[in-house]
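So this block is entry.pdb, PDB, C-alpha atoms and all ligand atoms:
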```pdb
ATOM      1  CA  MET K   1     -15.455 157.741  89.947  1.00  0.00           C
ATOM      2  CA  SER K   2     -11.787 156.836  89.905  1.00  0.00           C
ATOM      3  CA  TYR K   3     -10.357 154.283  87.525  1.00  0.00           C
ATOM      4  CA  THR K   4      -8.202 151.523  88.949  1.00  0.00           C
ATOM      5  CA  PRO K   5      -6.006 150.085  86.199  1.00  0.00           C
ATOM      6  CA  PRO K   6      -5.749 146.287  86.135  1.00  0.00           C
ATOM      7  CA  ASP K   7      -2.592 144.725  87.544  1.00  0.00           C
ATOM      8  CA  PRO K   8      -0.321 144.410  84.463  1.00  0.00           C
ATOM      9  CA  LEU K   9       1.267 141.289  85.916  1.00  0.00           C
ATOM     10  CA  GLN K  10      -2.052 139.568  86.573  1.00  0.00           C
ATOM     11  CA  TYR K  11      -4.321 137.960  83.997  1.00  0.00           C
ATOM     12  CA  ASN K  12      -7.624 139.826  83.974  1.00  0.00           C
ATOM     13  CA  PHE K  13      -9.157 138.616  80.714  1.00  0.00           C
ATOM     14  CA  CYS K  14      -9.015 135.297  78.902  1.00  0.00           C
ATOM     15  CA  PRO K  15      -6.482 135.548  76.010  1.00  0.00           C
ATOM     16  CA  SER K  16      -8.576 133.014  74.038  1.00  0.00           C
ATOM     17  CA  CYS K  17     -12.178 134.212  74.312  1.00  0.00           C
ATOM     18  CA  GLY K  18     -11.849 137.637  75.973  1.00  0.00           C
ATOM     19  CA  ASP K  19     -14.131 136.894  78.916  1.00  0.00           C
ATOM     20  CA  ARG K  20     -13.290 138.459  82.256  1.00  0.00           C
ATOM     21  CA  LEU K  21     -11.458 135.927  84.412  1.00  0.00           C
ATOM     22  CA  VAL K  22     -12.818 135.049  87.835  1.00  0.00           C
ATOM     23  CA  VAL K  23     -10.617 133.931  90.699  1.00  0.00           C
ATOM     24  CA  HIS K  24     -11.452 130.329  91.388  1.00  0.00           C
ATOM     25  CA  ASP K  25     -10.181 127.454  93.550  1.00  0.00           C
ATOM     26  CA  ASP K  26      -8.065 125.077  91.440  1.00  0.00           C
ATOM     27  CA  GLY K  27      -7.940 122.515  94.248  1.00  0.00           C
ATOM     28  CA  GLU K  28      -4.805 123.947  95.840  1.00  0.00           C
ATOM     29  CA  ARG K  29      -5.134 127.731  95.705  1.00  0.00           C
ATOM     30  CA  HIS K  30      -7.133 130.510  94.101  1.00  0.00           C
ATOM     31  CA  GLN K  31      -6.191 131.330  90.491  1.00  0.00           C
ATOM     32  CA  PRO K  32      -7.669 133.351  87.606  1.00  0.00           C
ATOM     33  CA  HIS K  33     -10.059 131.113  85.670  1.00  0.00           C
ATOM     34  CA  CYS K  34     -12.087 131.355  82.461  1.00  0.00           C
ATOM     35  CA  ARG K  35     -15.501 129.757  82.887  1.00  0.00           C
ATOM     36  CA  ARG K  36     -16.182 129.595  79.168  1.00  0.00           C
ATOM     37  CA  CYS K  37     -12.866 127.892  78.258  1.00  0.00           C
ATOM     38  CA  ARG K  38     -12.729 125.985  81.556  1.00  0.00           C
ATOM     39  CA  ARG K  39      -9.098 126.921  81.941  1.00  0.00           C
ATOM     40  CA  PHE K  40      -6.904 128.348  84.710  1.00  0.00           C
ATOM     41  CA  PHE K  41      -4.266 130.990  83.939  1.00  0.00           C
ATOM     42  CA  TYR K  42      -1.144 130.536  86.008  1.00  0.00           C
ATOM     43  CA  HIS K  43       1.533 133.137  86.428  1.00  0.00           C
ATOM     44  CA  ASN K  44       4.902 131.409  86.535  1.00  0.00           C
ATOM     45  CA  PRO K  45       8.495 132.668  86.628  1.00  0.00           C
ATOM     46  CA  VAL K  46       9.976 133.387  83.205  1.00  0.00           C
ATOM     47  CA  PRO K  47      13.036 131.231  82.371  1.00  0.00           C
ATOM     48  CA  ALA K  48      16.307 132.849  81.360  1.00  0.00           C
ATOM     49  CA  THR K  49      19.970 131.870  81.167  1.00  0.00           C
ATOM     50  CA  CYS K  50      23.315 133.537  81.838  1.00  0.00           C
ATOM     51  CA  CYS K  51      26.911 132.671  80.996  1.00  0.00           C
ATOM     52  CA  PHE K  52      30.172 132.593  82.925  1.00  0.00           C
ATOM     53  CA  VAL K  53      33.070 132.976  80.509  1.00  0.00           C
ATOM     54  CA  ARG K  54      36.367 132.756  82.371  1.00  0.00           C
ATOM     55  CA  ARG K  55      39.671 133.775  80.837  1.00  0.00           C
ATOM     56  CA  ASP K  56      42.881 131.825  81.636  1.00  0.00           C
ATOM     57  CA  ASP K  57      43.947 134.570  84.069  1.00  0.00           C
ATOM     58  CA  GLY K  58      40.649 134.178  85.972  1.00  0.00           C
ATOM     59  CA  ALA K  59      38.960 137.333  84.625  1.00  0.00           C
ATOM     60  CA  LEU K  60      35.207 137.055  84.016  1.00  0.00           C
ATOM     61  CA  LEU K  61      33.351 138.327  80.958  1.00  0.00           C
ATOM     62  CA  LEU K  62      30.688 140.974  81.659  1.00  0.00           C
ATOM     63  CA  VAL K  63      28.451 143.009  79.361  1.00  0.00           C
ATOM     64  CA  ARG K  64      27.223 146.558  79.757  1.00  0.00           C
ATOM     65  CA  ARG K  65      23.536 146.827  78.971  1.00  0.00           C
ATOM     66  CA  GLY K  66      22.745 148.970  75.958  1.00  0.00           C
ATOM     67  CA  VAL K  67      18.972 148.921  76.417  1.00  0.00           C
ATOM     68  CA  GLU K  68      16.433 149.487  79.168  1.00  0.00           C
ATOM     69  CA  PRO K  69      15.810 148.220  81.760  1.00  0.00           C
ATOM     70  CA  CYS K  70      19.015 149.110  83.576  1.00  0.00           C
ATOM     71  CA  LYS K  71      20.771 150.607  80.535  1.00  0.00           C
ATOM     72  CA  GLY K  72      24.431 151.366  81.297  1.00  0.00           C
ATOM     73  CA  GLU K  73      24.633 148.810  84.111  1.00  0.00           C
ATOM     74  CA  TRP K  74      26.752 145.653  84.026  1.00  0.00           C
ATOM     75  CA  SER K  75      25.464 142.108  83.914  1.00  0.00           C
ATOM     76  CA  LEU K  76      26.434 138.619  82.857  1.00  0.00           C
ATOM     77  CA  PRO K  77      25.828 137.769  79.193  1.00  0.00           C
ATOM     78  CA  GLY K  78      22.442 136.082  78.867  1.00  0.00           C
ATOM     79  CA  GLY K  79      18.739 136.627  78.379  1.00  0.00           C
ATOM     80  CA  PHE K  80      15.297 135.133  78.130  1.00  0.00           C
ATOM     81  CA  MET K  81      14.681 131.704  76.658  1.00  0.00           C
ATOM     82  CA  GLU K  82      12.647 131.450  73.495  1.00  0.00           C
ATOM     83  CA  VAL K  83      10.043 128.819  72.655  1.00  0.00           C
ATOM     84  CA  GLY K  84      11.665 125.838  70.943  1.00  0.00           C
ATOM     85  CA  GLU K  85      15.052 126.263  72.628  1.00  0.00           C
ATOM     86  CA  ASN K  86      16.481 124.140  75.377  1.00  0.00           C
ATOM     87  CA  PRO K  87      18.291 126.122  78.098  1.00  0.00           C
ATOM     88  CA  GLU K  88      21.766 125.365  76.775  1.00  0.00           C
ATOM     89  CA  GLU K  89      20.841 126.474  73.253  1.00  0.00           C
ATOM     90  CA  SER K  90      19.425 129.665  74.718  1.00  0.00           C
ATOM     91  CA  ALA K  91      22.634 130.400  76.632  1.00  0.00           C
ATOM     92  CA  ARG K  92      24.704 129.657  73.513  1.00  0.00           C
ATOM     93  CA  ARG K  93      22.578 131.993  71.367  1.00  0.00           C
ATOM     94  CA  GLU K  94      22.601 134.834  73.894  1.00  0.00           C
ATOM     95  CA  LEU K  95      26.365 134.595  74.371  1.00  0.00           C
ATOM     96  CA  PHE K  96      26.950 134.858  70.625  1.00  0.00           C
ATOM     97  CA  GLU K  97      24.405 137.663  70.104  1.00  0.00           C
ATOM     98  CA  GLU K  98      25.789 139.811  72.914  1.00  0.00           C
ATOM     99  CA  THR K  99      29.529 139.116  72.780  1.00  0.00           C
ATOM    100  CA  GLY K 100      30.365 137.518  69.403  1.00  0.00           C
ATOM    101  CA  LEU K 101      31.836 134.457  71.148  1.00  0.00           C
ATOM    102  CA  ARG K 102      30.835 130.926  70.209  1.00  0.00           C
ATOM    103  CA  GLY K 103      30.861 128.844  73.373  1.00  0.00           C
ATOM    104  CA  GLY K 104      32.180 125.282  73.488  1.00  0.00           C
ATOM    105  CA  ARG K 105      30.748 123.242  76.337  1.00  0.00           C
ATOM    106  CA  PHE K 106      28.058 124.700  78.604  1.00  0.00           C
ATOM    107  CA  ARG K 107      28.051 123.318  82.125  1.00  0.00           C
ATOM    108  CA  LEU K 108      25.127 124.121  84.430  1.00  0.00           C
ATOM    109  CA  ILE K 109      26.462 125.518  87.718  1.00  0.00           C
ATOM    110  CA  GLY K 110      23.336 126.838  89.403  1.00  0.00           C
ATOM    111  CA  ALA K 111      19.830 128.287  89.297  1.00  0.00           C
ATOM    112  CA  SER K 112      18.187 131.235  91.011  1.00  0.00           C
ATOM    113  CA  ALA K 113      14.635 132.612  91.065  1.00  0.00           C
ATOM    114  CA  ARG K 114      13.677 136.115  92.177  1.00  0.00           C
ATOM    115  CA  PRO K 115      10.762 138.523  91.897  1.00  0.00           C
ATOM    116  CA  SER K 116      11.023 140.764  88.842  1.00  0.00           C
ATOM    117  CA  ALA K 117       9.348 144.101  88.262  1.00  0.00           C
ATOM    118  CA  ILE K 118       8.858 143.360  84.571  1.00  0.00           C
ATOM    119  CA  SER K 119       7.719 139.746  84.463  1.00  0.00           C
ATOM    120  CA  GLY K 120       6.558 139.056  88.024  1.00  0.00           C
ATOM    121  CA  ALA K 121       9.327 136.554  88.627  1.00  0.00           C
ATOM    122  CA  ILE K 122      12.359 135.239  86.794  1.00  0.00           C
ATOM    123  CA  LEU K 123      14.216 131.909  86.934  1.00  0.00           C
ATOM    124  CA  VAL K 124      17.818 132.067  85.710  1.00  0.00           C
ATOM    125  CA  LEU K 125      20.048 129.097  84.932  1.00  0.00           C
ATOM    126  CA  GLY K 126      23.780 129.839  85.112  1.00  0.00           C
ATOM    127  CA  TYR K 127      26.199 128.110  82.731  1.00  0.00           C
ATOM    128  CA  LEU K 128      29.963 127.881  82.859  1.00  0.00           C
ATOM    129  CA  VAL K 129      31.284 128.135  79.301  1.00  0.00           C
ATOM    130  CA  GLU K 130      34.225 125.807  78.781  1.00  0.00           C
ATOM    131  CA  GLY K 131      36.186 126.848  75.696  1.00  0.00           C
ATOM    132  CA  TRP K 132      35.098 129.468  73.215  1.00  0.00           C
ATOM    133  CA  GLU K 133      36.173 131.073  69.965  1.00  0.00           C
ATOM    134  CA  GLY K 134      35.456 134.230  68.017  1.00  0.00           C
ATOM    135  CA  GLU K 135      36.255 137.889  68.298  1.00  0.00           C
ATOM    136  CA  LEU K 136      34.869 139.795  71.247  1.00  0.00           C
ATOM    137  CA  ARG K 137      32.476 142.570  70.191  1.00  0.00           C
ATOM    138  CA  ALA K 138      29.545 144.396  71.774  1.00  0.00           C
ATOM    139  CA  GLY K 139      26.528 142.832  70.063  1.00  0.00           C
ATOM    140  CA  SER K 140      22.779 143.210  70.324  1.00  0.00           C
ATOM    141  CA  ASP K 141      21.407 145.004  73.410  1.00  0.00           C
ATOM    142  CA  VAL K 142      24.940 145.601  74.666  1.00  0.00           C
ATOM    143  CA  SER K 143      27.160 148.736  74.619  1.00  0.00           C
ATOM    144  CA  GLU K 144      30.401 147.212  75.937  1.00  0.00           C
ATOM    145  CA  VAL K 145      31.923 143.775  76.602  1.00  0.00           C
ATOM    146  CA  ARG K 146      34.884 143.330  78.925  1.00  0.00           C
ATOM    147  CA  PHE K 147      36.768 140.798  80.997  1.00  0.00           C
ATOM    148  CA  TYR K 148      37.047 141.853  84.622  1.00  0.00           C
ATOM    149  CA  ALA K 149      39.488 140.662  87.257  1.00  0.00           C
ATOM    150  CA  LEU K 150      37.820 139.914  90.584  1.00  0.00           C
ATOM    151  CA  ALA K 151      39.246 143.069  92.237  1.00  0.00           C
ATOM    152  CA  ASP K 152      37.870 145.384  89.498  1.00  0.00           C
ATOM    153  CA  ARG K 153      34.498 143.771  88.932  1.00  0.00           C
ATOM    154  CA  PRO K 154      31.591 146.254  88.852  1.00  0.00           C
ATOM    155  CA  ASN K 155      28.389 145.511  90.737  1.00  0.00           C
ATOM    156  CA  LEU K 156      25.984 143.340  88.748  1.00  0.00           C
ATOM    157  CA  VAL K 157      22.604 145.002  88.412  1.00  0.00           C
ATOM    158  CA  PHE K 158      20.404 141.874  88.629  1.00  0.00           C
ATOM    159  CA  THR K 159      19.940 140.034  91.935  1.00  0.00           C
ATOM    160  CA  VAL K 160      19.625 136.670  90.150  1.00  0.00           C
ATOM    161  CA  HIS K 161      23.054 137.273  88.585  1.00  0.00           C
ATOM    162  CA  ARG K 162      24.563 138.196  91.959  1.00  0.00           C
ATOM    163  CA  ASP K 163      23.134 134.953  93.413  1.00  0.00           C
ATOM    164  CA  LEU K 164      24.761 132.909  90.663  1.00  0.00           C
ATOM    165  CA  LEU K 165      28.008 134.889  90.882  1.00  0.00           C
ATOM    166  CA  GLU K 166      28.262 133.741  94.499  1.00  0.00           C
ATOM    167  CA  THR K 167      27.935 130.142  93.343  1.00  0.00           C
ATOM    168  CA  TYR K 168      30.550 130.748  90.644  1.00  0.00           C
ATOM    169  CA  ASP K 169      33.004 132.405  93.053  1.00  0.00           C
ATOM    170  CA  ALA K 170      32.618 129.494  95.490  1.00  0.00           C
ATOM    171  CA  LEU K 171      33.403 127.032  92.672  1.00  0.00           C
ATOM    172  CA  PHE K 172      36.304 129.069  91.250  1.00  0.00           C
ATOM    173  CA  PRO K 173      37.871 131.063  94.075  1.00  0.00           C
TER     174      PRO K 173
HETATM  175 ZN    ZN K 201     -11.866 131.943  77.695  1.00  0.00          ZN
END
```

Represent the structure of the file as structure tokens.
Amino acid sequence: MSYTPPDPLQYNFCPSCGDRLVVHDDGERHQPHCRRCRRFFYHNPVPATCCFVRRDDGALLLVRRGVEPCKGEWSLPGGFMEVGENPEESARRELFEETGLRGGRFRLIGASARPSAISGAILVLGYLVEGWEGELRAGSDVSEVRFYALADRPNLVFTVHRDLLETYDALFP
């Protein structure tokens, strides 16, 4: 008999009581449900933020990923939100952790959601950082930080970042 591993992105067992979940109609669609706890388990996109730091000459700050997934590839500074943070606080924390810069004002410029191999789906909020201070350094999870002029910009590895970059480029041509 062959073993079929459970879908790692799908809830198969109740995280509270350990019972096997059964797909059940929640009134709108079928979702994993625990009969004992009388609770549905929804699989929603994971929220994250990213930052657009623009130098006076128009160059944009990018970070080179120092960890998997996509180690060695370029992306915008940013990352996953933590419980207890609001999105702006999350963007501010990630910017400092990865680049050493303390952002001034964070202005929301767009949002994008895409399927993700790791979490199922991801929702990213893009912030324009207006004013910043500090010394640029490659921080946690990052091997290099650099400002790039439009003509030299490397390809961004994440589709959600490319979506938001389009919004940014339309706002600041
Ligand atoms: Zn349960």

TODO: Find the spatial neighbours of stretch 11-21 of chain K, counting only C-alpha atoms, within a cut-off of 6 Å - ignore same-chain residues fewer than 2 positions away - and output them as a ChimeraX atom specification.
DONE: /K:32-34

TODO: Name the residues that the PyMOL selection byres (((chain K and resi 77) around 10) and not hetatm) pulls out of this structure, and write them as JSON, numbers by chain.
DONE: {"K": [49, 50, 51, 52, 53, 61, 62, 63, 64, 65, 74, 75, 76, 78, 79, 91, 92, 94, 95, 96, 97, 98, 99, 142, 145, 161]}

Open item on the list: Which residue is closest to K:Arg107? Choose from K:Ala149, K:Pro47, K:Tyr168, K:Leu156 and count all atoms listed in the file.
Closed with: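 Going through K:Ala149, K:Pro47, K:Tyr168, K:Leu156 one by one, the smallest distance to K:Arg107 is for K:Tyr168.
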
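Note that the spacing between atom CA of K:Ser90 and atom CA of K:Ser140 amounts to 14.6 Å.
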
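You can rank K:Ser112, K:Asp7, K:Val22, K:Cys37 by their closest distance to ligand ZN 201 (chain K) using all atoms listed in the file, and at the top of that list sits K:Cys37.
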
- [ ] Evaluate the PyMOL selection byres (((chain K and resi 43-45) around 10) and not hetatm) here and jot the selected residues down as a ChimeraX atom specification.
- [x] /K:9-11,31-32,40-42,46-48,113-116,119-124

Task: Proximity to ligand ZN 201 (chain K) - best of K:Arg38, K:Ala117, K:Asp25, K:Cys70, all atoms listed in the file - done: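 Smallest distance to ligand ZN 201 (chain K) is found for K:Arg38.
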
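Take atom CA of K:Ala111 and atom CA of K:Gly131: the distance between them is 21.3 Å.
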
Task: For K:Gly66, the nearest of the candidates K:Gly100, K:Gly27, K:Gly139, K:Gly126, counting all atoms listed in the file - done: K:Gly139

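With only C-alpha atoms and all ligand atoms as the atoms that count, the residue of K:Trp132, K:Phe80, K:Arg39, K:Thr159 with the shortest distance to ligand ZN 201 (chain K) is K:Arg39.
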
Task: Residue nearest ligand ZN 201 (chain K) among K:Ala170, K:Met81, K:Arg35, K:Leu108 (counting all atoms listed in the file) - done: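 Selected residue with least distance to ligand ZN 201 (chain K): K:Arg35.
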
TODO: Kindly resolve the PyMOL selection byres (((chain K and resi 147) around 6) and not hetatm) on the present coordinates and return the residues as a ChimeraX atom specification.
DONE: /K:59-61,146,148

Give me a file of those residues, with C-alpha atoms, as a CSV table (one decimal), in the frame of the given file.
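And here's result_13.csv as it stands now:
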```csv
chain,number,residue,atom,x,y,z
K,59,ALA,CA,39.0,137.3,84.6
K,60,LEU,CA,35.2,137.1,84.0
K,61,LEU,CA,33.4,138.3,81.0
K,146,ARG,CA,34.9,143.3,78.9
K,148,TYR,CA,37.0,141.9,84.6
```

Open item on the list: For a test of reading the model, state the distance in Å between atom CA of K:His30 and atom ZN of ligand ZN 201 (chain K), rounded to one decimal.
Closed with: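 Atom ZN of ligand ZN 201 (chain K) lies at a distance of 17.1 Å from atom CA of K:His30.
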